[in-house]
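Below is one structure, written out as structure tokens, with a few remarks after it.
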Amino acid sequence: MSNLNLRMVMALAKSLATRMQQPSIASSRVACLGDSVTQGDVANVRRYTTWLEWLTNNTVINSGVNGNTIQQMLVRVDVDVIAHRPGICVIFGGTNDINAGRSIVAMATDIKSITSKLLAVNINPIFCSLLPRNDNVALMPAIYRFNEWLQLYCQQQGFIFIDLFSVFANIDGSPKDGYLLADKLHPTTTGMRVIADCISRYIPKARTYDVVAKGDMSTIVPNPLFDSGTDVAVGWGKYGNAGSLLTYNRDAGWQSVMKGKGGTVQTGGFQVKLPTSLVESKTYRVEMVLDFIASVESQVMSYFQFKNNVGGVVGGAIYFLRSPTLNRLDTLRIFADISVPTGAITTEWITFAQSTDTFTLRIANPRITEVL
């Protein structure tokens, strides 16, 4: 056997071992960094990140942005991944780089830079190959070359590589029937579920606990269960400048605001003034479920504003921000820690969306607990 064939056999054996291994990593949060396949902004197609959350019981953060290249993912990895402090980051992108004619060398450089950022803060990377596509078969050789480089890179570095291409492709490399939409590029609901199934094999399942009592007595947030009814819940207020275009409602534990179409960029959302039990210089864990759908790409933001005894602002903390490439969030649970600045007497929590067009913003299960 020649040295070349021996290396090929050894590489294949190492690849199979990588696919079969169970990683010794554990986290309640997983970030998925990618492009439109991850963002999943196609109507009536449930995102793979939602399936992944259900399959693993983990909090899964969707950090996909439509049209992103790996280079653009590198620019926003600090805000869209590292700021959420996950234990695992799934990196799934590169198709738009190939569309733009970027070289494999340039793509590889960006992948290595993303990896360095993640490892520096103890976030474990998991890499997914690009999917087959037949919207432009001339791009397939570049997809093959990138997938080959990525697999070899993962083998050399000891990272988990998930070969989604082989799962989605027929023996001739064409996509399997039913896995891609009519655009021949983005996954169907079946395809999204298959992606989640493949990734979930490498994500430790989070332990779940039975609820021992109805209600949430530990949270500082008033009325966290959002009992059914029109308008906002008791203790909460309306926020935004869209006026009569905003309609508020509560149902099944969700508090929602719907905005009609307007001529300019307008906002709509919620605000709550928290009790003085938020103590200066202490740290608190903030949790909330966000659900959002809009007719155009919009901004969603949630932040804290701290004021002193005369109403002056002494500090702030951004809890969540996605701007401007967002038109859907699929029941996303978000965790963050905030520190109360010195001199803070009152705290306001404001969550809103901003768009020229229609949107529906929903929130559920707001919790704030002291980090002991």
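If you're wondering about the labels, chains in the structure tokens are A, B, ... by order shown, residues count from 1 in each chain, ligands from 1 in order shown.
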Applying 12 Å and only C-alpha atoms, which residues near Leu33 of chain A remain after dropping the ones on its own chain fewer than 2 positions away? List them as number ranges by chain. A: 30-31, 35-39, 49, 60-66, 68-82, 86, 88-94, 111, 114-115, 118, 125-128
Report as an MDAnalysis selection string: the residues of segment 142-177 of chain A with a DSSP assignment of alpha helix (DSSP H), based on the backbone of this structure. chainID A and resid 142:157 164:168
Gap from atom CA of Pro341 of chain A to atom CA of Leu290 of chain A - Å, one decimal: 25.9 Å
List as an mmCIF file with N, CA, C and O atoms, in the first residue's frame the protein and nucleic acid residues near segment 53-55 of chain A, meaning an atom at most 10 Å away when only C-alpha atoms are counted, but skip any in the same chain fewer than 5 places from it.
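result.cif, written as the output of this step:
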```cif
data_model
loop_
_atom_site.group_PDB
_atom_site.id
_atom_site.type_symbol
_atom_site.label_atom_id
_atom_site.label_comp_id
_atom_site.auth_asym_id
_atom_site.auth_seq_id
_atom_site.Cartn_x
_atom_site.Cartn_y
_atom_site.Cartn_z
ATOM 1 N N ARG A 29 -26.455 25.575 27.727
ATOM 2 C CA ARG A 29 -26.631 26.519 26.624
ATOM 3 C C ARG A 29 -25.776 26.116 25.433
ATOM 4 O O ARG A 29 -24.602 25.786 25.573
ATOM 5 N N VAL A 30 -26.406 26.160 24.259
ATOM 6 C CA VAL A 30 -25.725 25.849 23.014
ATOM 7 C C VAL A 30 -26.011 26.981 22.042
ATOM 8 O O VAL A 30 -27.170 27.344 21.831
ATOM 9 N N TYR A 48 -33.979 24.149 12.745
ATOM 10 C CA TYR A 48 -33.288 23.025 13.385
ATOM 11 C C TYR A 48 -32.898 23.364 14.816
ATOM 12 O O TYR A 48 -32.782 22.465 15.661
ATOM 13 N N VAL A 60 -30.985 26.572 23.490
ATOM 14 C CA VAL A 60 -30.293 26.697 22.213
ATOM 15 C C VAL A 60 -30.474 28.122 21.691
ATOM 16 O O VAL A 60 -31.595 28.583 21.501
ATOM 17 N N ILE A 61 -29.361 28.808 21.477
ATOM 18 C CA ILE A 61 -29.369 30.195 21.023
ATOM 19 C C ILE A 61 -29.170 30.213 19.526
ATOM 20 O O ILE A 61 -28.168 29.727 19.011
ATOM 21 N N ARG A 193 -35.212 18.830 10.662
ATOM 22 C CA ARG A 193 -35.261 17.811 11.712
ATOM 23 C C ARG A 193 -34.069 16.861 11.601
ATOM 24 O O ARG A 193 -33.488 16.447 12.620
ATOM 25 N N ALA A 196 -31.032 18.581 13.074
ATOM 26 C CA ALA A 196 -31.090 18.565 14.541
ATOM 27 C C ALA A 196 -30.784 17.181 15.095
ATOM 28 O O ALA A 196 -30.082 17.051 16.110
ATOM 29 N N ASP A 197 -31.314 16.142 14.446
ATOM 30 C CA ASP A 197 -31.032 14.770 14.894
ATOM 31 C C ASP A 197 -29.529 14.486 14.869
ATOM 32 O O ASP A 197 -28.980 13.894 15.807
ATOM 33 N N ILE A 199 -26.958 16.668 14.939
ATOM 34 C CA ILE A 199 -26.221 17.470 15.920
ATOM 35 C C ILE A 199 -26.492 16.982 17.338
ATOM 36 O O ILE A 199 -25.592 16.945 18.189
ATOM 37 N N SER A 200 -27.729 16.578 17.614
ATOM 38 C CA SER A 200 -28.111 16.203 18.977
ATOM 39 C C SER A 200 -27.316 15.015 19.508
ATOM 40 O O SER A 200 -27.181 14.837 20.717
ATOM 41 N N ARG A 201 -26.771 14.195 18.623
ATOM 42 C CA ARG A 201 -25.977 13.033 19.045
ATOM 43 C C ARG A 201 -24.694 13.459 19.754
ATOM 44 O O ARG A 201 -24.086 12.671 20.476
ATOM 45 N N ILE A 203 -24.520 16.476 21.557
ATOM 46 C CA ILE A 203 -24.859 17.461 22.594
ATOM 47 C C ILE A 203 -25.362 16.715 23.823
ATOM 48 O O ILE A 203 -26.374 16.004 23.752
ATOM 49 N N LYS A 205 -27.480 15.790 26.898
ATOM 50 C CA LYS A 205 -28.825 16.201 27.279
ATOM 51 C C LYS A 205 -28.819 16.825 28.664
ATOM 52 O O LYS A 205 -28.200 16.300 29.592
ATOM 53 N N ALA A 206 -29.522 17.956 28.789
ATOM 54 C CA ALA A 206 -29.611 18.622 30.088
ATOM 55 C C ALA A 206 -30.607 17.882 30.970
ATOM 56 O O ALA A 206 -31.600 17.329 30.500
ATOM 57 N N LEU A 332 -37.369 31.466 21.771
ATOM 58 C CA LEU A 332 -35.978 31.408 22.208
ATOM 59 C C LEU A 332 -35.864 31.756 23.687
ATOM 60 O O LEU A 332 -36.284 32.825 24.127
ATOM 61 N N ARG A 333 -35.297 30.833 24.483
ATOM 62 C CA ARG A 333 -35.019 31.107 25.894
ATOM 63 C C ARG A 333 -33.653 31.758 26.008
ATOM 64 O O ARG A 333 -32.673 31.257 25.467
#
```
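Between Asn308 of chain A and the candidates A:Ala106, A:Leu278, A:Ala344, A:Val289, the tightest atom-to-atom separation, counting only C-alpha atoms, involves A:Ala344.
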Running DSSP on the backbone, which parts of segment 73-239 of chain A land in strand (DSSP E or B), as a list of chain:residue names?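 Listing strand (DSSP E or B) positions across segment 73-239 of chain A yields A:Ile88, A:Cys89, A:Val90, A:Ile91, A:Phe92, A:Asn124, A:Pro125, A:Ile126, A:Phe127, A:Cys128, A:Ile160, A:Phe161, A:Ile162, A:Ala169, A:Pro175, A:Leu180, A:Pro187, A:Gly229, A:Thr230, A:Trp236, A:Gly237, A:Lys238, A:Tyr239.
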Would you output that residue set with N, CA and C atoms, as a compact mmCIF listing (two decimals), in the first residue's frame?
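The result, stored in again05.txt:
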```
# COMPACT_ATOMS: atom_id res chain seq x y z
N ILE A 88 -21.14 25.27 24.36
CA ILE A 88 -20.92 24.67 23.05
C ILE A 88 -21.35 25.67 21.98
N CYS A 89 -20.60 25.72 20.89
CA CYS A 89 -21.01 26.52 19.73
C CYS A 89 -20.96 25.64 18.49
N VAL A 90 -22.09 25.50 17.81
CA VAL A 90 -22.16 24.78 16.54
C VAL A 90 -21.91 25.79 15.42
N ILE A 91 -20.89 25.55 14.61
CA ILE A 91 -20.55 26.45 13.51
C ILE A 91 -20.98 25.80 12.21
N PHE A 92 -21.84 26.49 11.47
CA PHE A 92 -22.47 25.90 10.28
C PHE A 92 -22.61 27.01 9.23
N ASN A 124 -16.70 25.10 23.55
CA ASN A 124 -16.32 23.97 22.69
C ASN A 124 -16.96 24.10 21.31
N PRO A 125 -16.15 24.12 20.24
CA PRO A 125 -16.72 24.21 18.89
C PRO A 125 -17.12 22.86 18.34
N ILE A 126 -18.24 22.84 17.61
CA ILE A 126 -18.66 21.67 16.84
C ILE A 126 -18.92 22.17 15.42
N PHE A 127 -18.36 21.51 14.42
CA PHE A 127 -18.44 21.99 13.05
C PHE A 127 -19.34 21.09 12.20
N CYS A 128 -20.12 21.73 11.34
CA CYS A 128 -20.98 21.00 10.40
C CYS A 128 -20.50 21.26 8.98
N ILE A 160 -15.14 18.04 16.97
CA ILE A 160 -16.21 17.22 16.42
C ILE A 160 -16.61 17.77 15.05
N PHE A 161 -16.65 16.90 14.06
CA PHE A 161 -17.08 17.24 12.71
C PHE A 161 -18.31 16.42 12.38
N ILE A 162 -19.39 17.08 11.95
CA ILE A 162 -20.64 16.39 11.60
C ILE A 162 -20.82 16.48 10.09
N ALA A 169 -27.03 13.89 0.86
CA ALA A 169 -26.71 13.66 -0.55
C ALA A 169 -26.97 12.23 -1.00
N PRO A 175 -28.80 16.41 -3.92
CA PRO A 175 -29.59 16.36 -2.68
C PRO A 175 -30.68 15.30 -2.74
N LEU A 180 -34.62 19.46 0.64
CA LEU A 180 -34.45 20.89 0.34
C LEU A 180 -35.74 21.46 -0.25
N PRO A 187 -33.16 23.96 3.70
CA PRO A 187 -33.82 22.71 4.11
C PRO A 187 -35.33 22.86 4.30
N GLY A 229 -55.88 37.61 29.55
CA GLY A 229 -56.65 38.85 29.52
C GLY A 229 -56.10 39.79 28.47
N THR A 230 -56.84 40.85 28.21
CA THR A 230 -56.36 41.85 27.27
C THR A 230 -55.42 42.82 27.98
N TRP A 236 -46.95 45.58 34.82
CA TRP A 236 -46.23 45.84 33.59
C TRP A 236 -46.81 47.06 32.89
N GLY A 237 -46.02 47.66 32.00
CA GLY A 237 -46.48 48.81 31.24
C GLY A 237 -46.22 48.64 29.76
N LYS A 238 -46.89 49.48 28.98
CA LYS A 238 -46.68 49.48 27.54
C LYS A 238 -45.46 50.33 27.20
N TYR A 239 -44.81 49.98 26.09
CA TYR A 239 -43.64 50.74 25.66
C TYR A 239 -43.68 50.86 24.14
```
Between atom CA of Ser129 of chain A and atom CA of Leu164 of chain A, what is the distance, to one decimal in Å?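 Going from atom CA of Ser129 of chain A over to atom CA of Leu164 of chain A covers 5.6 Å.
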Which residue, A:Thr56, A:Thr331, A:Ser295, A:Thr95, has the smallest gap to Asp135 of chain A when you use only C-alpha atoms? A:Thr95
Asn365 of chain A environment, 8 Å, only C-alpha atoms, sequence neighbours closer than 3 positions dropped, as a list in words: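 Selected residues are Pro224, Leu225, Gly253, Trp254, Glu287, Met288 and Val289 of chain A.
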Extract, using only C-alpha atoms, all DNA, RNA and protein residues at most 9 Å from segment 356-361 of chain A, discarding same-chain residues fewer than 2 positions from it, and format them as a PyMOL selection string. chain A and resi 255-269+290-296+298+300+327+352-354+363
Residue nearest Leu119 of chain A among A:Gly67, A:Gln157, A:Asp177, A:Asn96 (counting only C-alpha atoms):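 Of A:Gly67, A:Gln157, A:Asp177, A:Asn96, the one nearest Leu119 of chain A, counting only C-alpha atoms, is A:Gln157.
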Polymer residues at most 8 Å from Asn223 of chain A, only C-alpha atoms, same-chain spacing of 5 or more positions, as a PyMOL selection string: chain A and resi 233-235
Selection above as a file: C-alpha atoms, as a short mmCIF file (atom, residue, chain, number, x, y, z; two decimals), in the first residue's frame:
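Saved to selection-v2.cif:
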```cif
data_model
loop_
_atom_site.label_atom_id
_atom_site.label_comp_id
_atom_site.auth_asym_id
_atom_site.auth_seq_id
_atom_site.Cartn_x
_atom_site.Cartn_y
_atom_site.Cartn_z
CA ALA A 233 -50.26 42.18 32.95
CA VAL A 234 -50.57 43.88 36.32
CA GLY A 235 -47.26 45.48 37.24
#
```
